[in-house]
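The structure file my_file01.cif is reproduced below (mmCIF, C-alpha atoms and all ligand atoms).
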data_query
#
loop_
_atom_site.label_atom_id
_atom_site.label_comp_id
_atom_site.auth_asym_id
_atom_site.auth_seq_id
_atom_site.Cartn_x
_atom_site.Cartn_y
_atom_site.Cartn_z
CA MET A 1 -8.30 69.69 57.68
CA ASN A 2 -7.66 66.03 58.48
CA LYS A 3 -4.28 65.28 59.94
CA PRO A 4 -2.19 62.52 58.28
CA LYS A 5 -2.53 59.11 59.94
CA VAL A 6 0.58 57.63 61.48
CA LEU A 7 1.48 54.31 63.11
CA ILE A 8 4.08 54.33 65.88
CA ALA A 9 5.54 50.85 66.38
CA LYS A 10 8.20 51.57 68.98
CA LYS A 11 7.95 53.00 72.49
CA ILE A 12 9.13 56.62 72.40
CA PRO A 13 9.16 59.39 75.04
CA SER A 14 5.80 61.09 75.65
CA TYR A 15 7.12 64.52 74.56
CA VAL A 16 8.03 63.00 71.17
CA GLU A 17 4.52 61.54 70.87
CA GLU A 18 3.09 64.96 71.74
CA TYR A 19 5.18 66.57 68.98
CA ILE A 20 3.90 64.02 66.46
CA GLY A 21 0.34 64.55 67.75
CA LYS A 22 0.49 68.27 66.84
CA TYR A 23 0.75 67.36 63.16
CA CYS A 24 -0.61 63.83 62.86
CA ASP A 25 -3.30 61.45 64.12
CA TYR A 26 -1.25 58.65 65.58
CA GLU A 27 -1.90 55.15 66.80
CA ASN A 28 0.52 53.03 68.84
CA PHE A 29 1.02 49.36 68.08
CA TYR A 30 4.06 47.43 69.28
CA PRO A 31 4.04 44.20 67.29
CA GLU A 32 5.40 41.09 68.94
CA GLU A 33 6.69 37.97 67.20
CA ASN A 34 4.22 36.51 64.67
CA GLN A 35 1.99 39.59 64.73
CA GLY A 36 2.89 40.64 61.18
CA LYS A 37 -0.71 40.16 60.03
CA PHE A 38 -2.02 42.63 62.61
CA LEU A 39 0.70 45.09 61.71
CA LEU A 40 -0.35 45.01 58.04
CA GLU A 41 -3.97 45.60 59.08
CA LYS A 42 -2.93 48.60 61.19
CA LEU A 43 -0.95 50.06 58.29
CA CYS A 44 -3.71 49.84 55.67
CA ASP A 45 -4.82 53.48 56.09
CA LYS A 46 -1.57 55.07 57.36
CA GLU A 47 0.57 57.67 55.60
CA GLY A 48 3.46 57.59 58.04
CA PHE A 49 5.21 54.76 59.90
CA LEU A 50 7.66 55.29 62.77
CA GLN A 51 9.50 52.15 63.79
CA SER A 52 12.83 50.43 64.15
CA GLY A 53 14.06 47.30 62.38
CA ILE A 54 10.74 46.21 60.81
CA LYS A 55 11.26 44.81 57.32
CA ILE A 56 9.83 47.29 54.81
CA ASP A 57 9.33 45.09 51.77
CA ASP A 58 6.94 44.71 48.88
CA GLU A 59 4.42 42.74 50.93
CA LEU A 60 4.20 45.43 53.62
CA LEU A 61 4.06 48.25 51.08
CA LYS A 62 1.28 46.53 49.15
CA SER A 63 -0.82 46.48 52.35
CA ALA A 64 -0.19 50.18 52.97
CA PRO A 65 -1.23 51.94 49.76
CA ASN A 66 -1.35 55.41 51.40
CA LEU A 67 2.14 55.20 52.91
CA LYS A 68 4.35 58.21 52.13
CA VAL A 69 7.16 57.86 54.66
CA VAL A 70 8.81 55.22 56.80
CA SER A 71 10.98 56.71 59.51
CA ASN A 72 13.59 54.46 61.13
CA ILE A 73 14.65 55.14 64.72
CA SER A 74 18.14 53.91 63.85
CA VAL A 75 20.99 54.88 61.57
CA GLY A 76 21.16 51.41 59.98
CA TYR A 77 18.50 50.85 57.35
CA ASN A 78 19.11 47.32 56.10
CA ASN A 79 15.42 46.72 56.99
CA PHE A 80 14.50 48.86 53.94
CA ASP A 81 13.97 47.23 50.56
CA THR A 82 14.95 50.46 48.86
CA ASP A 83 14.01 49.21 45.37
CA ALA A 84 10.47 48.39 46.51
CA MET A 85 10.20 51.75 48.29
CA LYS A 86 11.47 53.63 45.23
CA LYS A 87 8.93 51.86 43.02
CA ARG A 88 6.09 53.10 45.22
CA ASN A 89 7.56 56.55 45.93
CA VAL A 90 7.84 55.89 49.66
CA ILE A 91 10.39 58.06 51.47
CA GLY A 92 12.73 56.28 53.91
CA THR A 93 14.59 58.15 56.65
CA HIS A 94 17.09 57.26 59.39
CA THR A 95 18.87 58.92 62.34
CA PRO A 96 22.56 59.48 61.52
CA GLY A 97 24.90 61.49 63.75
CA VAL A 98 23.06 61.72 67.09
CA LEU A 99 24.30 58.31 68.22
CA ASN A 100 27.94 58.39 67.05
CA ASP A 101 29.59 59.07 70.41
CA THR A 102 27.31 56.73 72.30
CA VAL A 103 27.99 53.82 69.96
CA ALA A 104 31.73 54.62 69.92
CA ASP A 105 31.72 54.49 73.75
CA LEU A 106 30.06 51.08 73.68
CA ILE A 107 32.56 49.78 71.14
CA PHE A 108 35.33 50.75 73.54
CA ALA A 109 33.47 48.94 76.32
CA LEU A 110 33.56 45.82 74.12
CA ILE A 111 37.25 46.26 73.28
CA LEU A 112 38.22 46.73 76.93
CA SER A 113 35.92 43.98 78.22
CA ALA A 114 37.22 41.42 75.74
CA ALA A 115 40.86 42.45 76.22
CA ARG A 116 40.78 42.52 80.01
CA LYS A 117 38.23 39.68 80.51
CA VAL A 118 35.93 41.99 82.49
CA PRO A 119 32.79 39.78 82.48
CA LEU A 120 34.76 36.69 83.60
CA LEU A 121 36.51 38.57 86.40
CA ASP A 122 33.24 40.16 87.50
CA SER A 123 31.72 36.69 87.80
CA TYR A 124 34.77 35.50 89.82
CA VAL A 125 34.55 38.37 92.31
CA LYS A 126 30.78 38.00 92.73
CA GLY A 127 31.27 34.26 93.22
CA GLY A 128 33.78 34.85 96.04
CA LYS A 129 36.72 33.69 93.94
CA TRP A 130 39.62 36.06 94.60
CA ASP A 131 42.63 33.70 94.66
CA VAL A 132 42.78 33.39 90.84
CA MET A 133 44.05 36.95 90.50
CA ASP A 134 47.72 36.05 90.01
CA HIS A 135 46.96 33.20 87.67
CA PRO A 136 48.13 33.84 84.07
CA SER A 137 44.80 32.54 82.73
CA VAL A 138 43.08 35.72 83.94
CA PHE A 139 45.71 38.06 82.53
CA GLY A 140 44.48 40.19 79.68
CA LYS A 141 45.91 41.91 76.64
CA ASP A 142 46.93 45.57 76.51
CA VAL A 143 44.78 47.97 74.54
CA HIS A 144 47.02 51.05 74.77
CA HIS A 145 49.88 51.34 72.25
CA THR A 146 48.47 48.60 70.02
CA THR A 147 46.95 48.77 66.52
CA LEU A 148 43.24 49.09 65.85
CA GLY A 149 41.98 48.19 62.37
CA ILE A 150 38.65 49.73 61.41
CA ILE A 151 36.70 48.35 58.47
CA GLY A 152 34.23 51.12 57.63
CA MET A 153 35.62 54.56 58.52
CA GLY A 154 32.27 56.37 58.54
CA ARG A 155 30.72 58.56 61.22
CA ILE A 156 30.97 56.00 64.03
CA GLY A 157 34.28 54.54 62.81
CA GLN A 158 35.83 58.01 63.04
CA ASP A 159 34.57 58.56 66.59
CA VAL A 160 36.05 55.20 67.60
CA ALA A 161 39.33 56.23 65.95
CA LYS A 162 39.40 59.45 68.02
CA ARG A 163 39.06 57.50 71.24
CA ALA A 164 41.72 55.01 70.14
CA MET A 165 44.26 57.64 69.11
CA TYR A 166 43.74 60.33 71.74
CA GLY A 167 42.73 58.12 74.65
CA PHE A 168 44.76 54.97 74.18
CA ASP A 169 47.76 55.99 72.02
CA MET A 170 46.75 53.37 69.48
CA GLU A 171 47.74 53.36 65.85
CA VAL A 172 44.63 53.23 63.65
CA LEU A 173 44.62 51.51 60.27
CA TYR A 174 41.46 51.57 58.24
CA TYR A 175 39.87 50.19 55.13
CA ASN A 176 36.87 51.87 53.51
CA ARG A 177 35.44 51.58 50.01
CA THR A 178 36.26 55.26 49.50
CA ARG A 179 39.31 56.84 51.08
CA LYS A 180 38.63 59.26 53.90
CA TYR A 181 41.30 61.90 53.28
CA ASP A 182 39.79 64.27 55.89
CA ALA A 183 40.03 61.62 58.59
CA GLU A 184 43.63 60.87 57.53
CA LYS A 185 44.50 64.57 57.78
CA ASN A 186 42.50 65.46 60.88
CA LEU A 187 42.88 62.29 62.95
CA GLY A 188 46.04 60.69 61.58
CA VAL A 189 44.38 57.37 60.69
CA LYS A 190 46.18 55.39 57.98
CA TYR A 191 44.49 53.84 54.96
CA ALA A 192 45.50 50.29 53.99
CA GLU A 193 44.11 47.54 51.80
CA PHE A 194 41.46 45.28 53.36
CA ASP A 195 43.76 42.25 53.80
CA HIS A 196 46.57 44.40 55.19
CA VAL A 197 44.29 45.84 57.88
CA LEU A 198 43.13 42.34 58.85
CA ALA A 199 46.66 40.91 59.00
CA ASN A 200 48.29 43.77 60.89
CA SER A 201 45.80 44.81 63.57
CA ASP A 202 45.62 43.74 67.20
CA TYR A 203 41.97 44.76 67.36
CA ILE A 204 39.65 44.66 64.34
CA LEU A 205 36.36 46.52 64.29
CA VAL A 206 33.69 46.08 61.60
CA MET A 207 31.55 49.21 61.20
CA VAL A 208 30.11 49.03 57.67
CA PRO A 209 26.40 49.11 56.86
CA LEU A 210 24.81 45.77 55.94
CA ASN A 211 23.96 45.47 52.26
CA ASP A 212 24.56 43.01 49.40
CA GLU A 213 28.20 44.14 49.16
CA THR A 214 28.99 43.72 52.85
CA TYR A 215 27.07 40.49 53.56
CA HIS A 216 29.65 38.08 55.11
CA LEU A 217 32.44 40.56 54.37
CA ILE A 218 34.31 38.80 57.18
CA ASP A 219 34.35 35.07 56.54
CA GLU A 220 36.75 32.17 57.12
CA PRO A 221 39.52 33.44 54.79
CA GLN A 222 39.44 36.82 56.56
CA PHE A 223 39.67 35.24 60.03
CA ASN A 224 42.61 33.17 58.76
CA LEU A 225 44.45 36.37 57.85
CA MET A 226 44.12 37.82 61.36
CA LYS A 227 46.83 37.56 64.03
CA LYS A 228 46.42 34.62 66.41
CA ASP A 229 46.02 37.06 69.31
CA ALA A 230 43.68 39.44 67.48
CA ILE A 231 40.46 40.55 69.16
CA PHE A 232 37.54 40.92 66.78
CA ILE A 233 34.71 43.41 67.41
CA ASN A 234 31.42 43.66 65.54
CA ALA A 235 28.91 46.43 66.32
CA SER A 236 27.61 46.94 62.77
CA ARG A 237 25.06 44.26 61.82
CA GLY A 238 25.39 40.53 62.51
CA ALA A 239 25.37 39.42 58.88
CA THR A 240 28.45 41.47 57.88
CA VAL A 241 30.23 38.52 59.51
CA ASN A 242 29.76 34.81 58.84
CA GLU A 243 28.95 33.81 62.42
CA LYS A 244 29.82 30.13 61.80
CA ALA A 245 33.30 31.18 60.65
CA LEU A 246 33.64 33.43 63.70
CA ILE A 247 32.67 30.60 66.04
CA LYS A 248 35.22 28.33 64.30
CA ALA A 249 37.95 30.98 64.65
CA LEU A 250 37.18 31.45 68.36
CA THR A 251 36.97 27.72 69.03
CA GLU A 252 40.08 26.70 67.09
CA GLY A 253 42.15 29.62 68.39
CA SER A 254 42.83 31.31 65.07
CA ILE A 255 41.93 34.54 66.91
CA LEU A 256 42.09 35.28 70.64
CA ALA A 257 38.67 36.69 71.46
CA ALA A 258 35.71 38.72 70.25
CA GLY A 259 33.25 41.33 71.44
CA LEU A 260 29.83 41.41 69.77
CA ASP A 261 26.80 43.66 69.92
CA VAL A 262 25.04 42.21 66.85
CA TYR A 263 24.21 38.73 65.52
CA GLU A 264 22.99 37.03 62.37
CA GLN A 265 19.81 36.12 64.23
CA GLU A 266 18.44 38.44 66.92
CA PRO A 267 17.50 37.61 69.60
CA LEU A 268 20.22 34.95 69.82
CA ASP A 269 18.96 31.39 69.64
CA LYS A 270 19.42 29.70 73.02
CA HIS A 271 21.46 26.95 71.33
CA ASN A 272 23.88 29.37 69.62
CA PRO A 273 27.43 28.09 70.39
CA LEU A 274 28.55 31.68 71.12
CA LEU A 275 26.71 31.41 74.44
CA LYS A 276 29.10 28.67 75.59
CA LEU A 277 32.38 30.37 74.63
CA SER A 278 34.44 32.03 77.36
CA ASN A 279 36.49 34.12 74.89
CA VAL A 280 33.62 36.22 73.62
CA VAL A 281 31.78 39.14 75.23
CA LEU A 282 28.14 39.37 74.15
CA LEU A 283 25.83 42.39 74.30
CA PRO A 284 22.17 42.52 73.20
CA HIS A 285 22.38 45.02 70.29
CA ILE A 286 22.58 47.95 72.67
CA GLY A 287 25.05 50.30 70.93
CA SER A 288 22.90 53.43 71.02
CA ALA A 289 21.07 52.65 74.24
CA THR A 290 21.68 55.50 76.63
CA GLU A 291 18.64 57.40 77.82
CA LYS A 292 19.67 60.68 76.18
CA THR A 293 20.69 59.19 72.85
CA ARG A 294 17.56 57.08 72.53
CA CYS A 295 15.47 60.24 73.19
CA ASP A 296 17.49 62.21 70.61
CA MET A 297 17.05 59.41 68.05
CA ALA A 298 13.28 59.26 68.65
CA MET A 299 12.99 63.06 68.25
CA LEU A 300 15.05 63.11 65.06
CA ALA A 301 13.00 60.23 63.63
CA ALA A 302 9.78 62.07 64.55
CA GLU A 303 11.04 65.24 62.82
CA ASN A 304 11.88 63.25 59.69
CA LEU A 305 8.39 61.73 59.75
CA VAL A 306 6.51 65.00 60.29
CA LYS A 307 8.53 66.95 57.70
CA ALA A 308 7.76 64.34 55.05
CA LEU A 309 4.05 64.43 55.91
CA VAL A 310 3.70 68.24 55.87
CA GLY A 311 5.34 68.38 52.45
CA GLU A 312 8.87 69.42 53.43
CA VAL A 313 12.00 67.49 52.53
CA PRO A 314 13.09 65.54 55.64
CA PRO A 315 16.77 66.09 56.46
CA ASN A 316 17.72 62.44 56.77
CA ILE A 317 16.47 60.55 53.72
CA VAL A 318 18.63 57.43 53.27
CA PRO A 319 21.19 57.85 50.45
CA GLU A 320 19.62 55.28 48.07
CA LEU A 321 16.25 57.11 48.15
CA LYS A 322 17.48 60.67 47.74
P1 LIG B 401 28.34 55.56 57.86
O1 LIG B 401 28.74 56.91 58.34
O2 LIG B 401 27.56 55.42 56.62
O3 LIG B 401 29.69 54.69 57.78
C1 LIG B 401 29.78 53.47 57.13
C2 LIG B 401 31.10 53.44 56.38
O4 LIG B 401 31.23 52.16 55.76
C3 LIG B 401 31.17 54.50 55.27
O5 LIG B 401 32.38 55.20 55.38
C4 LIG B 401 31.09 53.67 53.99
O6 LIG B 401 31.84 54.21 52.93
C5 LIG B 401 31.73 52.36 54.45
N1 LIG B 401 31.38 51.25 53.57
C6 LIG B 401 30.17 50.96 53.05
N2 LIG B 401 30.25 49.83 52.32
C7 LIG B 401 31.53 49.42 52.38
C8 LIG B 401 32.23 48.33 51.83
N3 LIG B 401 31.62 47.45 51.03
N4 LIG B 401 33.56 48.21 52.10
C9 LIG B 401 34.17 49.13 52.87
N5 LIG B 401 33.57 50.20 53.40
C10 LIG B 401 32.26 50.33 53.18
O7 LIG B 401 27.49 54.79 58.97
P2 LIG B 401 27.62 54.88 60.57
O8 LIG B 401 26.67 55.91 61.06
O9 LIG B 401 29.05 54.96 60.96
O10 LIG B 401 27.01 53.44 60.96
C11 LIG B 401 27.56 52.26 60.43
C12 LIG B 401 26.66 51.09 60.69
O11 LIG B 401 26.73 50.74 62.06
C13 LIG B 401 25.17 51.35 60.45
O12 LIG B 401 24.81 51.13 59.11
C14 LIG B 401 24.48 50.36 61.37
O13 LIG B 401 24.18 49.16 60.69
C15 LIG B 401 25.53 50.07 62.44
N6 LIG B 401 25.13 50.59 63.77
C16 LIG B 401 24.97 49.72 64.80
C17 LIG B 401 24.60 50.19 66.05
C18 LIG B 401 24.44 49.26 67.21
O14 LIG B 401 23.58 49.50 68.05
N7 LIG B 401 25.23 48.22 67.32
C19 LIG B 401 24.36 51.56 66.24
C20 LIG B 401 24.55 52.42 65.18
C21 LIG B 401 24.94 51.93 63.94
P3 LIG B 401 31.31 55.41 52.00
O15 LIG B 401 31.68 56.66 52.71
O16 LIG B 401 32.03 55.17 50.73
O17 LIG B 401 29.82 55.23 51.89
#
For this file, produce the structure as structure tokens.
Amino acid sequence: MNKPKVLIAKKIPSYVEEYIGKYCDYENFYPEENQGKFLLEKLCDKEGFLQSGIKIDDELLKSAPNLKVVSNISVGYNNFDTDAMKKRNVIGTHTPGVLNDTVADLIFALILSAARKVPLLDSYVKGGKWDVMDHPSVFGKDVHHTTLGIIGMGRIGQDVAKRAMYGFDMEVLYYNRTRKYDAEKNLGVKYAEFDHVLANSDYILVMVPLNDETYHLIDEPQFNLMKKDAIFINASRGATVNEKALIKALTEGSILAAGLDVYEQEPLDKHNPLLKLSNVVLLPHIGSATEKTRCDMAMLAAENLVKALVGEVPPNIVPELK
């Protein structure tokens, strides 16, 4: 019997490829910028598509009439046009859970780096500049015994809360569209209205998925509510925040600093004003990028793909397509 045809559009470990190869005929193609046309050609006879971040819209689906499943190697799935996928009965899967701790660790790296000016100080030491160390301009802001506000108390938000409460004696306020009573009971996090969290937190983390409801959830009015010495962290998706409003807040001093892993446009444009600001720490969308977690994500995505193609229900269908 012919095996189902699959396109793999992201580099994955060889043992994950071998697993896919047991059940599927696969082809690798790693599209670069402006290679959309070639991608559509490659997809024309495929039933499965393993990738990360590629827009799955009507145009792509039209070019892939045999497609049964698109498997994301990520937990975020804002690249899926779920209405278009539903219309054509295409299953969409993602990789929740396996990356929670890794992303939560990175969020703490951002919090600590922004609070204690780690990148700036690193550049001073490497540049032979030691005599600034008693100068108040290099002094940071405490993280311990302060208040962290989390917007989006989901899987990753809760793992960040654990670190904040147990590791840093922080108080954690949160806002979520549904209340998380288990997290309140088990972790001791406190629910508050959106504006209250923004106005009363020393550190504010956005950890909601990007969708129509959360697009520019944090905009100029929200930055204006924050404390003047608040540190803002975004590791969700760039467009949950109006980047122009963030740049204004950082430039005009309506907040103290920021730590970012995600941007409205990725990769960052070389003229983006964020690149010139000293009060922001920038990472290249690297939240889940440890060797082990990236392998676990690739394996989970491969299992989702294979299950869908052998006629089983994959465990991680995205909620809108269940
Ligand atoms: P999750 O478990 O689904 O958590 C998201 C939380 O946001 C849920 O509790 C959800 O509430 C809440 N929410 C959704 N819409 C909201 C709204 N309009 N207002 C307030 N709360 C809202 O997802 P996760 O696994 O923690 O991941 C969160 C996001 O992080 C992903 O979607 C992805 O975009 C991003 N991410 C980024 C990286 C990175 O590398 N930087 C890595 C992993 C994930 P309900 O419970 O009511 O649905």
Determine, for each residue of chain A having at least one atom at most 6 Å from an atom of ligand LIG 401 (chain B), the closest pair of atoms and their separation in Å to one decimal, counting all atoms listed in the file; order by chain and ascending number, as a Markdown table.
| residue | atom | partner | partner_atom | distance |
| --- | --- | --- | --- | --- |
| A:Val75 | CA | B:LIG401 | C21 | 5.5 |
| A:Gly76 | CA | B:LIG401 | C14 | 3.7 |
| A:Pro96 | CA | B:LIG401 | O8 | 5.5 |
| A:Val103 | CA | B:LIG401 | C19 | 5.7 |
| A:Gly152 | CA | B:LIG401 | O4 | 3.7 |
| A:Met153 | CA | B:LIG401 | O5 | 4.6 |
| A:Gly154 | CA | B:LIG401 | O3 | 3.2 |
| A:Arg155 | CA | B:LIG401 | O1 | 3.9 |
| A:Ile156 | CA | B:LIG401 | O9 | 3.8 |
| A:Gly157 | CA | B:LIG401 | O9 | 5.6 |
| A:Asn176 | CA | B:LIG401 | N5 | 3.7 |
| A:Arg177 | CA | B:LIG401 | C9 | 4.0 |
| A:Thr178 | CA | B:LIG401 | O16 | 4.4 |
| A:Met207 | CA | B:LIG401 | C11 | 5.1 |
| A:Val208 | CA | B:LIG401 | O4 | 3.8 |
| A:Pro209 | CA | B:LIG401 | O12 | 3.4 |
| A:Leu210 | CA | B:LIG401 | O13 | 5.9 |
| A:Glu213 | CA | B:LIG401 | N3 | 5.1 |
| A:Thr214 | CA | B:LIG401 | N3 | 4.9 |
| A:Ala235 | CA | B:LIG401 | N7 | 4.2 |
| A:Ser236 | CA | B:LIG401 | C15 | 3.8 |
| A:Arg237 | CA | B:LIG401 | O13 | 5.1 |
| A:Asp261 | CA | B:LIG401 | N7 | 5.5 |
| A:His285 | CA | B:LIG401 | O14 | 5.2 |
| A:Ile286 | CA | B:LIG401 | O14 | 5.0 |
| A:Gly287 | CA | B:LIG401 | O14 | 3.3 |
| A:Ser288 | CA | B:LIG401 | O14 | 5.0 |
*Measuring atom to atom with all atoms listed in the file, identify which of A:Asp212, A:Glu171, A:Glu264, A:Asp229 is nearest to A:Val197.*
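Going through A:Asp212, A:Glu171, A:Glu264, A:Asp229 one by one, the smallest distance to A:Val197 is for A:Glu171.
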*Would you please work out which residue, of A:Val306, A:Ile151, A:Ile218, A:Ala115, is nearest to A:Ala230 when using only C-alpha atoms?*
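Among the listed residues, the smallest separation from A:Ala230 belongs to A:Ala115.
Among the candidate residues A:Gly149, A:Gly53, A:Gly92, A:Gly167, the one lying nearest to A:Pro319 is A:Gly92, with distances computed using all atoms listed in the file.
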*Could you check how far atom CA of A:Asp296 sits from atom CA of A:Ile12, in Å to one decimal?*
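It comes out at 10.2 Å.
Using all atoms listed in the file, the smallest distance between any of A:Leu110, A:Leu61, A:Lys117, A:Phe38 and A:Val90 comes from A:Leu61.
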_I need every residue sitting at most 12 Å from the point (45.9, 37.7, 56.6) (coordinates as in the file, all atoms listed in the file considered), written as a VMD selection string._
chain A and resid 193 to 201 218 to 228 230 254 to 255
List every protein, DNA or RNA residue with an atom no more than 12 Å from (42.5, 60.3, 56.5) in the file's coordinates, counting only C-alpha atoms, and format the result as a PDB file with C-alpha atoms, in the frame of the given file.
ATOM      1  CA  MET A 153      35.620  54.560  58.520  1.00  0.00           C
ATOM      2  CA  GLY A 154      32.270  56.370  58.540  1.00  0.00           C
ATOM      3  CA  GLY A 157      34.280  54.540  62.810  1.00  0.00           C
ATOM      4  CA  GLN A 158      35.830  58.010  63.040  1.00  0.00           C
ATOM      5  CA  ALA A 161      39.330  56.230  65.950  1.00  0.00           C
ATOM      6  CA  LYS A 162      39.400  59.450  68.020  1.00  0.00           C
ATOM      7  CA  VAL A 172      44.630  53.230  63.650  1.00  0.00           C
ATOM      8  CA  LEU A 173      44.620  51.510  60.270  1.00  0.00           C
ATOM      9  CA  TYR A 174      41.460  51.570  58.240  1.00  0.00           C
ATOM     10  CA  TYR A 175      39.870  50.190  55.130  1.00  0.00           C
ATOM     11  CA  ASN A 176      36.870  51.870  53.510  1.00  0.00           C
ATOM     12  CA  THR A 178      36.260  55.260  49.500  1.00  0.00           C
ATOM     13  CA  ARG A 179      39.310  56.840  51.080  1.00  0.00           C
ATOM     14  CA  LYS A 180      38.630  59.260  53.900  1.00  0.00           C
ATOM     15  CA  TYR A 181      41.300  61.900  53.280  1.00  0.00           C
ATOM     16  CA  ASP A 182      39.790  64.270  55.890  1.00  0.00           C
ATOM     17  CA  ALA A 183      40.030  61.620  58.590  1.00  0.00           C
ATOM     18  CA  GLU A 184      43.630  60.870  57.530  1.00  0.00           C
ATOM     19  CA  LYS A 185      44.500  64.570  57.780  1.00  0.00           C
ATOM     20  CA  ASN A 186      42.500  65.460  60.880  1.00  0.00           C
ATOM     21  CA  LEU A 187      42.880  62.290  62.950  1.00  0.00           C
ATOM     22  CA  GLY A 188      46.040  60.690  61.580  1.00  0.00           C
ATOM     23  CA  VAL A 189      44.380  57.370  60.690  1.00  0.00           C
ATOM     24  CA  LYS A 190      46.180  55.390  57.980  1.00  0.00           C
ATOM     25  CA  TYR A 191      44.490  53.840  54.960  1.00  0.00           C
ATOM     26  CA  ALA A 192      45.500  50.290  53.990  1.00  0.00           C
TER      27      ALA A 192
END
*Between atom CA of A:Ala104 and atom CA of A:Glu291, what is the spacing in Å?*
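Atom-to-atom, atom CA of A:Glu291 to atom CA of A:Ala104, that is 15.5 Å.
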